[in-house]
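Pasting work-v2.cif here (mmCIF, C-alpha atoms and all ligand atoms):
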data_start
#
loop_
_atom_site.label_atom_id
_atom_site.label_comp_id
_atom_site.auth_asym_id
_atom_site.auth_seq_id
_atom_site.Cartn_x
_atom_site.Cartn_y
_atom_site.Cartn_z
CA MET A 1 18.39 15.84 -13.79
CA THR A 2 16.49 13.88 -16.46
CA SER A 3 17.63 12.45 -19.74
CA LEU A 4 15.76 10.91 -22.64
CA THR A 5 16.64 7.47 -21.29
CA HIS A 6 14.26 8.15 -18.41
CA ARG A 7 10.99 6.40 -19.14
CA LEU A 8 8.84 9.45 -18.39
CA ALA A 9 11.23 12.15 -19.62
CA ASN A 10 9.39 15.42 -20.36
CA LYS A 11 6.06 13.98 -19.17
CA VAL A 12 3.69 15.73 -16.79
CA GLY A 13 1.14 13.86 -14.75
CA ILE A 14 -1.29 13.84 -11.87
CA ILE A 15 -1.37 11.14 -9.21
CA THR A 16 -4.29 11.27 -6.79
CA ALA A 17 -4.03 9.96 -3.22
CA SER A 18 -0.26 10.27 -3.48
CA GLY A 19 0.27 11.39 0.10
CA SER A 20 0.56 7.75 1.16
CA GLY A 21 0.90 4.13 0.09
CA MET A 22 1.07 3.19 -3.57
CA GLY A 23 0.30 6.73 -4.74
CA ARG A 24 3.33 8.11 -2.89
CA ALA A 25 5.51 5.24 -4.13
CA GLY A 26 4.28 5.97 -7.66
CA ALA A 27 4.92 9.71 -7.41
CA ILE A 28 8.49 9.06 -6.24
CA LEU A 29 9.15 6.41 -8.89
CA PHE A 30 7.56 8.38 -11.75
CA ALA A 31 9.52 11.50 -10.76
CA SER A 32 12.74 9.47 -10.70
CA GLU A 33 11.90 8.49 -14.30
CA GLY A 34 11.71 12.15 -15.31
CA ALA A 35 8.02 12.99 -14.80
CA ARG A 36 6.86 16.23 -13.22
CA VAL A 37 4.06 15.21 -10.87
CA LEU A 38 1.09 16.97 -9.31
CA VAL A 39 0.74 15.24 -5.93
CA VAL A 40 -2.96 15.35 -5.01
CA ASP A 41 -4.20 14.39 -1.55
CA ALA A 42 -6.70 15.55 1.08
CA ASN A 43 -3.94 15.39 3.69
CA LYS A 44 -1.74 18.40 2.95
CA ASP A 45 1.06 17.42 5.33
CA ALA A 46 1.25 13.98 3.72
CA ALA A 47 1.27 15.46 0.21
CA ASP A 48 3.95 17.96 1.25
CA LYS A 49 6.05 15.06 2.52
CA THR A 50 5.79 13.23 -0.81
CA VAL A 51 6.88 16.35 -2.68
CA GLU A 52 9.73 16.90 -0.22
CA MET A 53 10.93 13.32 -0.84
CA ILE A 54 10.81 13.84 -4.62
CA ARG A 55 12.65 17.16 -4.50
CA ALA A 56 15.29 15.71 -2.16
CA SER A 57 16.18 13.28 -4.98
CA GLY A 58 16.29 16.03 -7.59
CA GLY A 59 12.80 15.40 -9.01
CA GLN A 60 10.03 17.89 -9.73
CA ALA A 61 6.63 17.86 -8.07
CA GLN A 62 3.94 20.18 -6.80
CA VAL A 63 1.34 19.75 -4.06
CA SER A 64 -2.38 20.09 -4.55
CA ALA A 65 -4.31 19.55 -1.33
CA GLY A 66 -8.05 19.04 -1.54
CA ASP A 67 -11.02 16.73 -1.10
CA LEU A 68 -11.73 14.56 -4.14
CA CYS A 69 -15.31 14.06 -2.94
CA ASP A 70 -15.79 17.54 -4.36
CA GLU A 71 -16.70 17.44 -8.07
CA ALA A 72 -15.22 20.86 -8.85
CA TYR A 73 -11.91 19.96 -7.20
CA SER A 74 -11.76 16.58 -8.98
CA ARG A 75 -12.00 18.46 -12.29
CA ASP A 76 -9.85 21.45 -11.32
CA ILE A 77 -6.70 19.43 -10.63
CA VAL A 78 -6.32 18.98 -14.39
CA GLU A 79 -6.18 22.74 -14.95
CA GLU A 80 -3.89 23.08 -11.94
CA ALA A 81 -1.37 20.64 -13.44
CA VAL A 82 -1.44 22.41 -16.80
CA LYS A 83 -1.11 25.82 -15.16
CA HIS A 84 1.86 24.70 -13.12
CA PHE A 85 3.73 22.50 -15.58
CA GLY A 86 2.42 23.71 -18.95
CA ARG A 87 1.10 20.39 -20.26
CA LEU A 88 -0.48 17.08 -19.27
CA ASP A 89 0.51 13.58 -20.38
CA PHE A 90 -0.96 11.19 -17.82
CA VAL A 91 -3.39 10.89 -14.94
CA TRP A 92 -3.21 8.10 -12.40
CA ASN A 93 -6.60 8.09 -10.72
CA HIS A 94 -5.48 6.24 -7.62
CA VAL A 95 -7.91 7.56 -4.99
CA GLY A 96 -10.35 5.05 -3.52
CA HIS A 97 -12.17 4.10 -0.35
CA PRO A 98 -12.81 0.72 1.34
CA GLY A 99 -16.54 1.44 1.67
CA PRO A 100 -18.74 -0.20 4.26
CA ALA A 101 -18.39 -3.85 5.27
CA GLY A 102 -21.46 -5.87 4.33
CA LEU A 103 -24.61 -4.58 2.70
CA GLU A 104 -27.52 -5.02 5.05
CA GLU A 105 -26.60 -2.16 7.37
CA VAL A 106 -25.40 0.19 4.65
CA SER A 107 -26.31 3.87 5.03
CA THR A 108 -26.69 6.39 2.22
CA SER A 109 -23.73 8.39 3.50
CA ASP A 110 -21.44 5.31 3.61
CA LEU A 111 -22.55 4.33 0.12
CA ASP A 112 -22.09 7.86 -1.22
CA LEU A 113 -18.58 8.16 0.21
CA ALA A 114 -17.48 4.84 -1.31
CA LEU A 115 -19.02 5.59 -4.71
CA ASN A 116 -17.74 9.18 -4.67
CA LEU A 117 -14.12 8.24 -4.12
CA ASN A 118 -13.95 5.01 -6.11
CA LEU A 119 -16.04 6.02 -9.12
CA ARG A 120 -17.48 9.55 -9.24
CA SER A 121 -14.31 11.52 -8.55
CA VAL A 122 -12.18 9.48 -10.96
CA LEU A 123 -14.85 9.93 -13.63
CA PHE A 124 -14.83 13.74 -13.22
CA THR A 125 -11.03 13.96 -13.25
CA THR A 126 -10.95 11.82 -16.39
CA ALA A 127 -13.68 13.90 -18.03
CA ALA A 128 -11.60 17.02 -17.45
CA ALA A 129 -8.38 15.35 -18.62
CA LEU A 130 -9.61 13.86 -21.92
CA PRO A 131 -9.88 17.12 -23.92
CA VAL A 132 -6.48 18.27 -22.62
CA LEU A 133 -4.82 14.97 -23.58
CA ARG A 134 -6.52 15.04 -26.98
CA LYS A 135 -5.29 18.59 -27.61
CA GLY A 136 -1.75 17.51 -26.67
CA GLY A 137 -1.82 14.64 -29.17
CA GLY A 138 -2.55 11.81 -26.73
CA GLY A 139 -1.62 10.45 -23.33
CA ASN A 140 -2.49 8.01 -20.63
CA ILE A 141 -5.19 7.46 -18.05
CA LEU A 142 -4.56 4.86 -15.39
CA PHE A 143 -7.15 3.81 -12.81
CA THR A 144 -6.59 1.87 -9.62
CA ALA A 145 -9.21 -0.84 -9.13
CA SER A 146 -8.39 -3.94 -7.07
CA THR A 147 -8.53 -7.70 -7.27
CA SER A 148 -12.02 -6.98 -5.86
CA GLY A 149 -12.79 -5.47 -9.27
CA LEU A 150 -11.94 -8.81 -10.92
CA GLU A 151 -13.67 -11.18 -8.53
CA GLY A 152 -16.30 -10.77 -5.83
CA SER A 153 -15.24 -9.75 -2.35
CA LYS A 154 -16.92 -11.61 0.47
CA TYR A 155 -16.34 -8.78 2.94
CA SER A 156 -16.58 -5.63 0.83
CA PRO A 157 -19.50 -5.84 -1.66
CA VAL A 158 -19.85 -2.07 -2.15
CA TYR A 159 -16.12 -1.68 -2.77
CA SER A 160 -16.20 -4.57 -5.21
CA ALA A 161 -19.20 -3.13 -7.07
CA ALA A 162 -17.42 0.22 -7.42
CA LYS A 163 -14.15 -1.36 -8.59
CA PHE A 164 -15.96 -3.54 -11.18
CA GLY A 165 -17.46 -0.22 -12.31
CA VAL A 166 -14.02 1.38 -12.62
CA ILE A 167 -12.88 -1.46 -14.89
CA GLY A 168 -16.04 -1.17 -17.01
CA MET A 169 -15.49 2.56 -17.39
CA ALA A 170 -11.81 2.14 -18.25
CA ARG A 171 -12.42 -0.53 -20.87
CA SER A 172 -15.12 1.62 -22.48
CA LEU A 173 -12.85 4.66 -22.56
CA ALA A 174 -9.99 2.57 -23.96
CA LYS A 175 -12.13 1.66 -26.97
CA ALA A 176 -13.53 5.15 -27.36
CA HIS A 177 -10.18 6.97 -27.28
CA ALA A 178 -7.65 4.53 -28.77
CA ALA A 179 -7.73 6.28 -32.13
CA GLU A 180 -6.83 9.55 -30.38
CA ASN A 181 -3.64 8.01 -29.00
CA ILE A 182 -5.10 8.01 -25.47
CA ARG A 183 -4.48 4.73 -23.66
CA VAL A 184 -6.63 3.78 -20.68
CA ASN A 185 -5.65 0.98 -18.32
CA VAL A 186 -6.36 -0.30 -14.83
CA ILE A 187 -4.09 -1.63 -12.17
CA CYS A 188 -5.62 -4.20 -9.82
CA PRO A 189 -3.54 -4.56 -6.66
CA GLY A 190 -3.99 -7.42 -4.26
CA ALA A 191 -3.34 -6.89 -0.56
CA THR A 192 -0.72 -4.14 -0.38
CA ASN A 193 1.13 -2.98 2.69
CA THR A 194 -0.46 0.47 3.25
CA PRO A 195 -2.79 2.04 5.86
CA MET A 196 -5.82 0.99 3.78
CA LEU A 197 -4.92 -2.68 4.18
CA ARG A 198 -5.37 -2.17 7.95
CA THR A 199 -9.00 -1.20 7.29
CA PHE A 200 -9.66 -4.26 5.15
CA VAL A 201 -8.23 -6.79 7.60
CA ARG A 202 -10.34 -5.33 10.45
CA ARG A 203 -13.56 -6.36 8.72
CA PRO A 204 -15.64 -8.75 10.79
CA GLY A 205 -15.73 -12.35 9.63
CA GLN A 206 -12.31 -12.36 7.93
CA GLU A 207 -10.90 -15.84 7.63
CA GLY A 208 -8.50 -16.43 10.48
CA ASP A 209 -9.65 -13.35 12.40
CA LEU A 210 -7.42 -12.73 15.39
CA PRO A 211 -8.38 -10.50 18.27
CA GLY A 212 -6.29 -7.47 19.09
CA ASP A 213 -3.09 -6.94 17.23
CA ILE A 214 -3.73 -5.39 13.86
CA GLU A 215 -0.24 -6.18 12.55
CA LYS A 216 -0.77 -9.88 13.33
CA LEU A 217 -3.99 -9.70 11.31
CA VAL A 218 -2.15 -8.06 8.43
CA THR A 219 0.53 -10.76 8.45
CA GLN A 220 -2.03 -13.52 8.69
CA ARG A 221 -4.20 -12.12 5.90
CA SER A 222 -1.17 -11.54 3.71
CA SER A 223 0.11 -15.07 4.23
CA LEU A 224 -3.04 -16.36 2.49
CA SER A 225 -1.74 -15.02 -0.82
CA PRO A 226 0.09 -17.55 -3.04
CA MET A 227 3.33 -15.61 -2.46
CA GLY A 228 2.68 -15.68 1.26
CA ARG A 229 3.00 -11.93 1.68
CA ALA A 230 1.38 -8.62 0.80
CA ALA A 231 2.82 -6.41 -1.94
CA GLU A 232 4.99 -3.47 -1.02
CA PRO A 233 3.66 -0.21 -2.52
CA VAL A 234 6.62 0.15 -4.91
CA GLU A 235 5.80 -3.22 -6.50
CA ILE A 236 2.44 -1.79 -7.57
CA ALA A 237 4.07 1.48 -8.63
CA ARG A 238 6.47 -0.39 -10.95
CA ALA A 239 3.57 -2.05 -12.75
CA ALA A 240 1.82 1.34 -12.96
CA LEU A 241 4.99 2.84 -14.48
CA PHE A 242 4.96 0.17 -17.18
CA LEU A 243 1.34 0.95 -18.10
CA VAL A 244 1.89 4.72 -18.20
CA SER A 245 5.20 4.58 -20.11
CA ASP A 246 5.80 3.97 -23.80
CA ASP A 247 6.90 0.41 -22.89
CA ALA A 248 3.13 -0.28 -22.95
CA SER A 249 2.54 1.58 -26.24
CA TYR A 250 0.18 -1.13 -27.59
CA VAL A 251 -1.55 -1.84 -24.25
CA THR A 252 -4.97 -0.31 -23.66
CA GLY A 253 -8.15 -1.53 -21.97
CA VAL A 254 -6.22 -3.87 -19.70
CA ALA A 255 -7.02 -4.59 -16.05
CA LEU A 256 -3.64 -5.81 -14.80
CA ALA A 257 -3.68 -7.85 -11.59
CA VAL A 258 -0.60 -7.25 -9.46
CA ASP A 259 -1.53 -9.63 -6.70
CA GLY A 260 1.15 -12.26 -6.16
CA GLY A 261 -1.07 -14.83 -7.88
CA ALA A 262 -4.18 -14.29 -5.74
CA THR A 263 -6.57 -14.28 -8.71
CA ALA A 264 -4.59 -16.75 -10.83
N1 LIG B 301 -3.95 -1.25 0.16
C1 LIG B 301 -4.52 -2.27 -0.44
O1 LIG B 301 -4.42 -3.43 -0.01
C2 LIG B 301 -5.30 -2.03 -1.72
C3 LIG B 301 -5.59 -3.14 -2.52
C4 LIG B 301 -6.25 -2.94 -3.74
C5 LIG B 301 -6.59 -1.67 -4.14
N2 LIG B 301 -6.30 -0.60 -3.35
C6 LIG B 301 -6.66 0.73 -3.86
O2 LIG B 301 -5.52 1.60 -3.83
C7 LIG B 301 -5.96 2.96 -3.67
C8 LIG B 301 -5.33 3.64 -2.47
O3 LIG B 301 -4.85 2.73 -1.64
P1 LIG B 301 -3.51 2.84 -0.76
O4 LIG B 301 -3.52 1.57 -0.04
O5 LIG B 301 -2.37 3.27 -1.60
O6 LIG B 301 -3.95 4.04 0.21
P2 LIG B 301 -3.41 4.63 1.57
O7 LIG B 301 -4.31 4.19 2.65
O8 LIG B 301 -1.95 4.41 1.71
O9 LIG B 301 -3.62 6.20 1.26
C9 LIG B 301 -4.84 6.73 0.87
C10 LIG B 301 -4.61 8.21 0.60
O10 LIG B 301 -5.83 8.74 0.09
C11 LIG B 301 -6.01 10.03 0.64
N3 LIG B 301 -7.43 10.37 0.61
C12 LIG B 301 -8.42 9.78 1.31
N4 LIG B 301 -9.59 10.40 1.07
C13 LIG B 301 -9.33 11.40 0.18
C14 LIG B 301 -10.13 12.40 -0.42
N5 LIG B 301 -11.43 12.52 -0.14
N6 LIG B 301 -9.55 13.28 -1.29
C15 LIG B 301 -8.22 13.18 -1.54
N7 LIG B 301 -7.40 12.26 -0.98
C16 LIG B 301 -7.96 11.38 -0.12
C17 LIG B 301 -5.51 9.89 2.05
O11 LIG B 301 -5.21 11.15 2.64
C18 LIG B 301 -4.28 9.00 1.87
O12 LIG B 301 -3.10 9.76 1.69
C19 LIG B 301 -7.45 2.90 -3.56
O13 LIG B 301 -8.01 3.11 -4.83
C20 LIG B 301 -7.70 1.48 -3.08
O14 LIG B 301 -9.00 1.05 -3.37
C21 LIG B 301 -5.67 -0.75 -2.13
#

Take the structure in the file and give it back as structure tokens.
Ligand SMILES: NC(=O)c1ccc[n+]([C@@H]2O[C@H](COP(=O)([O-])OP(=O)(O)OC[C@H]3O[C@@H](n4cnc5c(N)ncnc54)[C@H](O)[C@@H]3O)[C@@H](O)[C@H]2O)c1
Amino acid sequence: MTSLTHRLANKVGIITASGSGMGRAGAILFASEGARVLVVDANKDAADKTVEMIRASGGQAQVSAGDLCDEAYSRDIVEEAVKHFGRLDFVWNHVGHPGPAGLEEVSTSDLDLALNLNLRSVLFTTAAALPVLRKGGGGNILFTASTSGLEGSKYSPVYSAAKFGVIGMARSLAKAHAAENIRVNVICPGATNTPMLRTFVRRPGQEGDLPGDIEKLVTQRSSLSPMGRAAEPVEIARAALFLVSDDASYVTGVALAVDGGATA
């Protein structure tokens, strides 16, 4: 049951990579604020689970399972959302990939995968969404970059290059589409407690590397943040909700760090 006091009442949106982590937390939070959400993920079981959680709380959501490395699929999810829910108001391009560690051993396939998921796919989804948002009188595009899109990353140069690219694209689109009532922003999470964080902390050469226990590594890495802990996915989702909602009606072209002070 939604009312006009819900911050996303009557809105329809797409959240990619919402079968896990921050994307799932966002889908659940946005749906609880009245949005109808297309839950997009390559892992169908995981996407089904997100939708089940939303429906169990009385929210509305639909699964779309597919591989966002595929250009056609990255575009088609826009039409799928419109077909299912009748309109489109926002897209949260959350999908990404850690990419290879280091640069000297990089292979074309590793590079392609990282650039496909961090940059290419989100560009195609956005390209498909813009005319639909324009036709509907406006809307919101939100990208997920990272603190590695704001400052260099010692251990993940390809990832950092792609995320800087995401911010450059978003800022350009913000200027280009502001007059059409389309806002474009970026959320830049610091270390966040999801499966992907486990990939990052495994990288060779990490400060304070510990052998063996991955959870010890996560705790140790997280304790380096000024707040002494990693973010929980819902803490990123809350900031994303602000950017997508009318609370941020005069905010566009922003890359918002949600990092417990890591880049302060
Ligand atoms: N976790 C962190 O510490 C952290 C920090 C900064 C930024 N990020 C960014 O957040 C985003 C996702 O991170 P998370 O930690 O929420 O993720 P996660 O590891 O919890 O989940 C990633 C999801 O992406 C899906 N996915 C992977 N490849 C896909 C593909 N080809 N097509 C469709 N779906 C695919 C997976 O099935 C999974 O459900 C990425 O853009 C990442 O760069 C993460």

Please find the residues contacting ligand LIG 301 (chain B) at a distance of at most 8 Å between atoms, with all atoms listed in the file counted, and report them as a PyMOL selection string. chain A and resi 16-24+40-43+46-47+65-70+93-98+117-118+144-148+159+163+188-198+200+230+233

Find the residues around Ser172 (chain A) up to 12 Å (only C-alpha atoms counted), leave out those fewer than 3 positions away in its own chain, and share them as a ChimeraX atom specification. /A:165-169,175-178,183-186,252-254

Can you tell me, as a list in words, what residues are no more than 12 Å from Asp247 (chain A) when counting all atoms listed in the file, ignoring any on the same chain fewer than 5 positions away?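 Here the answer would be His6, Arg7, Leu8, Arg238, Ala239, Ala240, Leu241, Phe242 and Thr252 of chain A.
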
For the atom pair CA of Ser121 (chain A) and CA of Thr108 (chain A), what is the interatomic distance in Å to one decimal place?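 CA of Thr108 (chain A) lies at a distance of 17.2 Å from CA of Ser121 (chain A).
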
When you look at Gly139 (chain A) with a cut-off of 8 Å (counting all atoms listed in the file), what residues show up, excluding the ones that are within fewer than 4 positions of it in the same chain? I need them as a list in words.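 My list of contacting residues is Leu88, Asp89, Phe90, Leu133, Arg134, Asn181, Ile182 and Arg183 of chain A.
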
Length of the CA of Val12 (chain A) to CA of Ala231 (chain A) vector [Å]: 26.7 Å

Residue with the minimum atom-to-atom distance to Ile28 (chain A), picked from A:Thr125, A:Val234, A:Arg87, A:Ala72 with all atoms listed in the file counted, is A:Val234

Generate a file for region 7-29 of chain A, containing N, CA, C and O atoms, as a JSON list (two decimals), in the first residue's frame.
[["chain", "number", "residue", "atom", "x", "y", "z"],
["A", 7, "ARG", "N", 8.20, 8.51, -0.64],
["A", 7, "ARG", "CA", 9.07, 9.39, -1.44],
["A", 7, "ARG", "C", 9.17, 9.01, -2.91],
["A", 7, "ARG", "O", 9.59, 9.81, -3.74],
["A", 8, "LEU", "N", 8.79, 7.76, -3.24],
["A", 8, "LEU", "CA", 8.81, 7.36, -4.65],
["A", 8, "LEU", "C", 7.41, 6.89, -5.09],
["A", 8, "LEU", "O", 7.28, 6.02, -5.97],
["A", 9, "ALA", "N", 6.39, 7.48, -4.49],
["A", 9, "ALA", "CA", 5.01, 7.10, -4.84],
["A", 9, "ALA", "C", 4.77, 7.27, -6.33],
["A", 9, "ALA", "O", 5.18, 8.28, -6.92],
["A", 10, "ASN", "N", 4.18, 6.27, -6.94],
["A", 10, "ASN", "CA", 3.84, 6.27, -8.39],
["A", 10, "ASN", "C", 5.05, 6.23, -9.32],
["A", 10, "ASN", "O", 4.89, 6.41, -10.52],
["A", 11, "LYS", "N", 6.24, 6.03, -8.80],
["A", 11, "LYS", "CA", 7.43, 6.00, -9.66],
["A", 11, "LYS", "C", 7.73, 4.56, -10.08],
["A", 11, "LYS", "O", 7.51, 3.61, -9.32],
["A", 12, "VAL", "N", 8.31, 4.45, -11.26],
["A", 12, "VAL", "CA", 8.75, 3.16, -11.78],
["A", 12, "VAL", "C", 10.23, 3.25, -12.10],
["A", 12, "VAL", "O", 10.68, 4.24, -12.69],
["A", 13, "GLY", "N", 10.97, 2.25, -11.70],
["A", 13, "GLY", "CA", 12.41, 2.32, -11.97],
["A", 13, "GLY", "C", 13.05, 0.97, -12.18],
["A", 13, "GLY", "O", 12.48, -0.08, -11.89],
["A", 14, "ILE", "N", 14.27, 1.04, -12.68],
["A", 14, "ILE", "CA", 15.10, -0.14, -12.93],
["A", 14, "ILE", "C", 16.30, -0.06, -11.98],
["A", 14, "ILE", "O", 16.90, 1.02, -11.86],
["A", 15, "ILE", "N", 16.63, -1.16, -11.35],
["A", 15, "ILE", "CA", 17.89, -1.21, -10.59],
["A", 15, "ILE", "C", 18.66, -2.43, -11.09],
["A", 15, "ILE", "O", 18.18, -3.57, -10.97],
["A", 16, "THR", "N", 19.83, -2.20, -11.66],
["A", 16, "THR", "CA", 20.64, -3.33, -12.15],
["A", 16, "THR", "C", 21.48, -3.88, -11.00],
["A", 16, "THR", "O", 21.78, -3.18, -10.02],
["A", 17, "ALA", "N", 21.85, -5.15, -11.14],
["A", 17, "ALA", "CA", 22.63, -5.87, -10.12],
["A", 17, "ALA", "C", 21.91, -5.83, -8.77],
["A", 17, "ALA", "O", 22.55, -5.67, -7.72],
["A", 18, "SER", "N", 20.59, -5.98, -8.81],
["A", 18, "SER", "CA", 19.82, -5.90, -7.57],
["A", 18, "SER", "C", 19.46, -7.27, -6.99],
["A", 18, "SER", "O", 18.57, -7.39, -6.16],
["A", 19, "GLY", "N", 20.22, -8.28, -7.41],
["A", 19, "GLY", "CA", 20.07, -9.60, -6.79],
["A", 19, "GLY", "C", 20.92, -9.75, -5.55],
["A", 19, "GLY", "O", 20.89, -10.79, -4.88],
["A", 20, "SER", "N", 21.69, -8.72, -5.22],
["A", 20, "SER", "CA", 22.63, -8.84, -4.09],
["A", 20, "SER", "C", 22.99, -7.44, -3.59],
["A", 20, "SER", "O", 22.63, -6.43, -4.20],
["A", 21, "GLY", "N", 23.67, -7.41, -2.46],
["A", 21, "GLY", "CA", 24.35, -6.20, -1.98],
["A", 21, "GLY", "C", 23.52, -4.93, -1.95],
["A", 21, "GLY", "O", 22.36, -4.92, -1.53],
["A", 22, "MET", "N", 24.16, -3.85, -2.41],
["A", 22, "MET", "CA", 23.51, -2.54, -2.36],
["A", 22, "MET", "C", 22.32, -2.46, -3.31],
["A", 22, "MET", "O", 21.34, -1.76, -3.03],
["A", 23, "GLY", "N", 22.39, -3.16, -4.44],
["A", 23, "GLY", "CA", 21.29, -3.14, -5.40],
["A", 23, "GLY", "C", 20.04, -3.76, -4.79],
["A", 23, "GLY", "O", 18.94, -3.22, -4.91],
["A", 24, "ARG", "N", 20.22, -4.89, -4.11],
["A", 24, "ARG", "CA", 19.06, -5.51, -3.43],
["A", 24, "ARG", "C", 18.53, -4.60, -2.32],
["A", 24, "ARG", "O", 17.32, -4.39, -2.22],
["A", 25, "ALA", "N", 19.45, -4.04, -1.52],
["A", 25, "ALA", "CA", 19.01, -3.14, -0.44],
["A", 25, "ALA", "C", 18.25, -1.96, -1.02],
["A", 25, "ALA", "O", 17.23, -1.51, -0.46],
["A", 26, "GLY", "N", 18.72, -1.46, -2.16],
["A", 26, "GLY", "CA", 18.06, -0.33, -2.82],
["A", 26, "GLY", "C", 16.68, -0.72, -3.34],
["A", 26, "GLY", "O", 15.71, 0.02, -3.16],
["A", 27, "ALA", "N", 16.58, -1.89, -3.96],
["A", 27, "ALA", "CA", 15.29, -2.33, -4.52],
["A", 27, "ALA", "C", 14.26, -2.45, -3.39],
["A", 27, "ALA", "O", 13.11, -2.00, -3.53],
["A", 28, "ILE", "N", 14.69, -3.00, -2.27],
["A", 28, "ILE", "CA", 13.77, -3.17, -1.13],
["A", 28, "ILE", "C", 13.37, -1.80, -0.56],
["A", 28, "ILE", "O", 12.20, -1.52, -0.31],
["A", 29, "LEU", "N", 14.36, -0.93, -0.38],
["A", 29, "LEU", "CA", 14.07, 0.40, 0.18],
["A", 29, "LEU", "C", 13.20, 1.23, -0.76],
["A", 29, "LEU", "O", 12.22, 1.85, -0.33]]
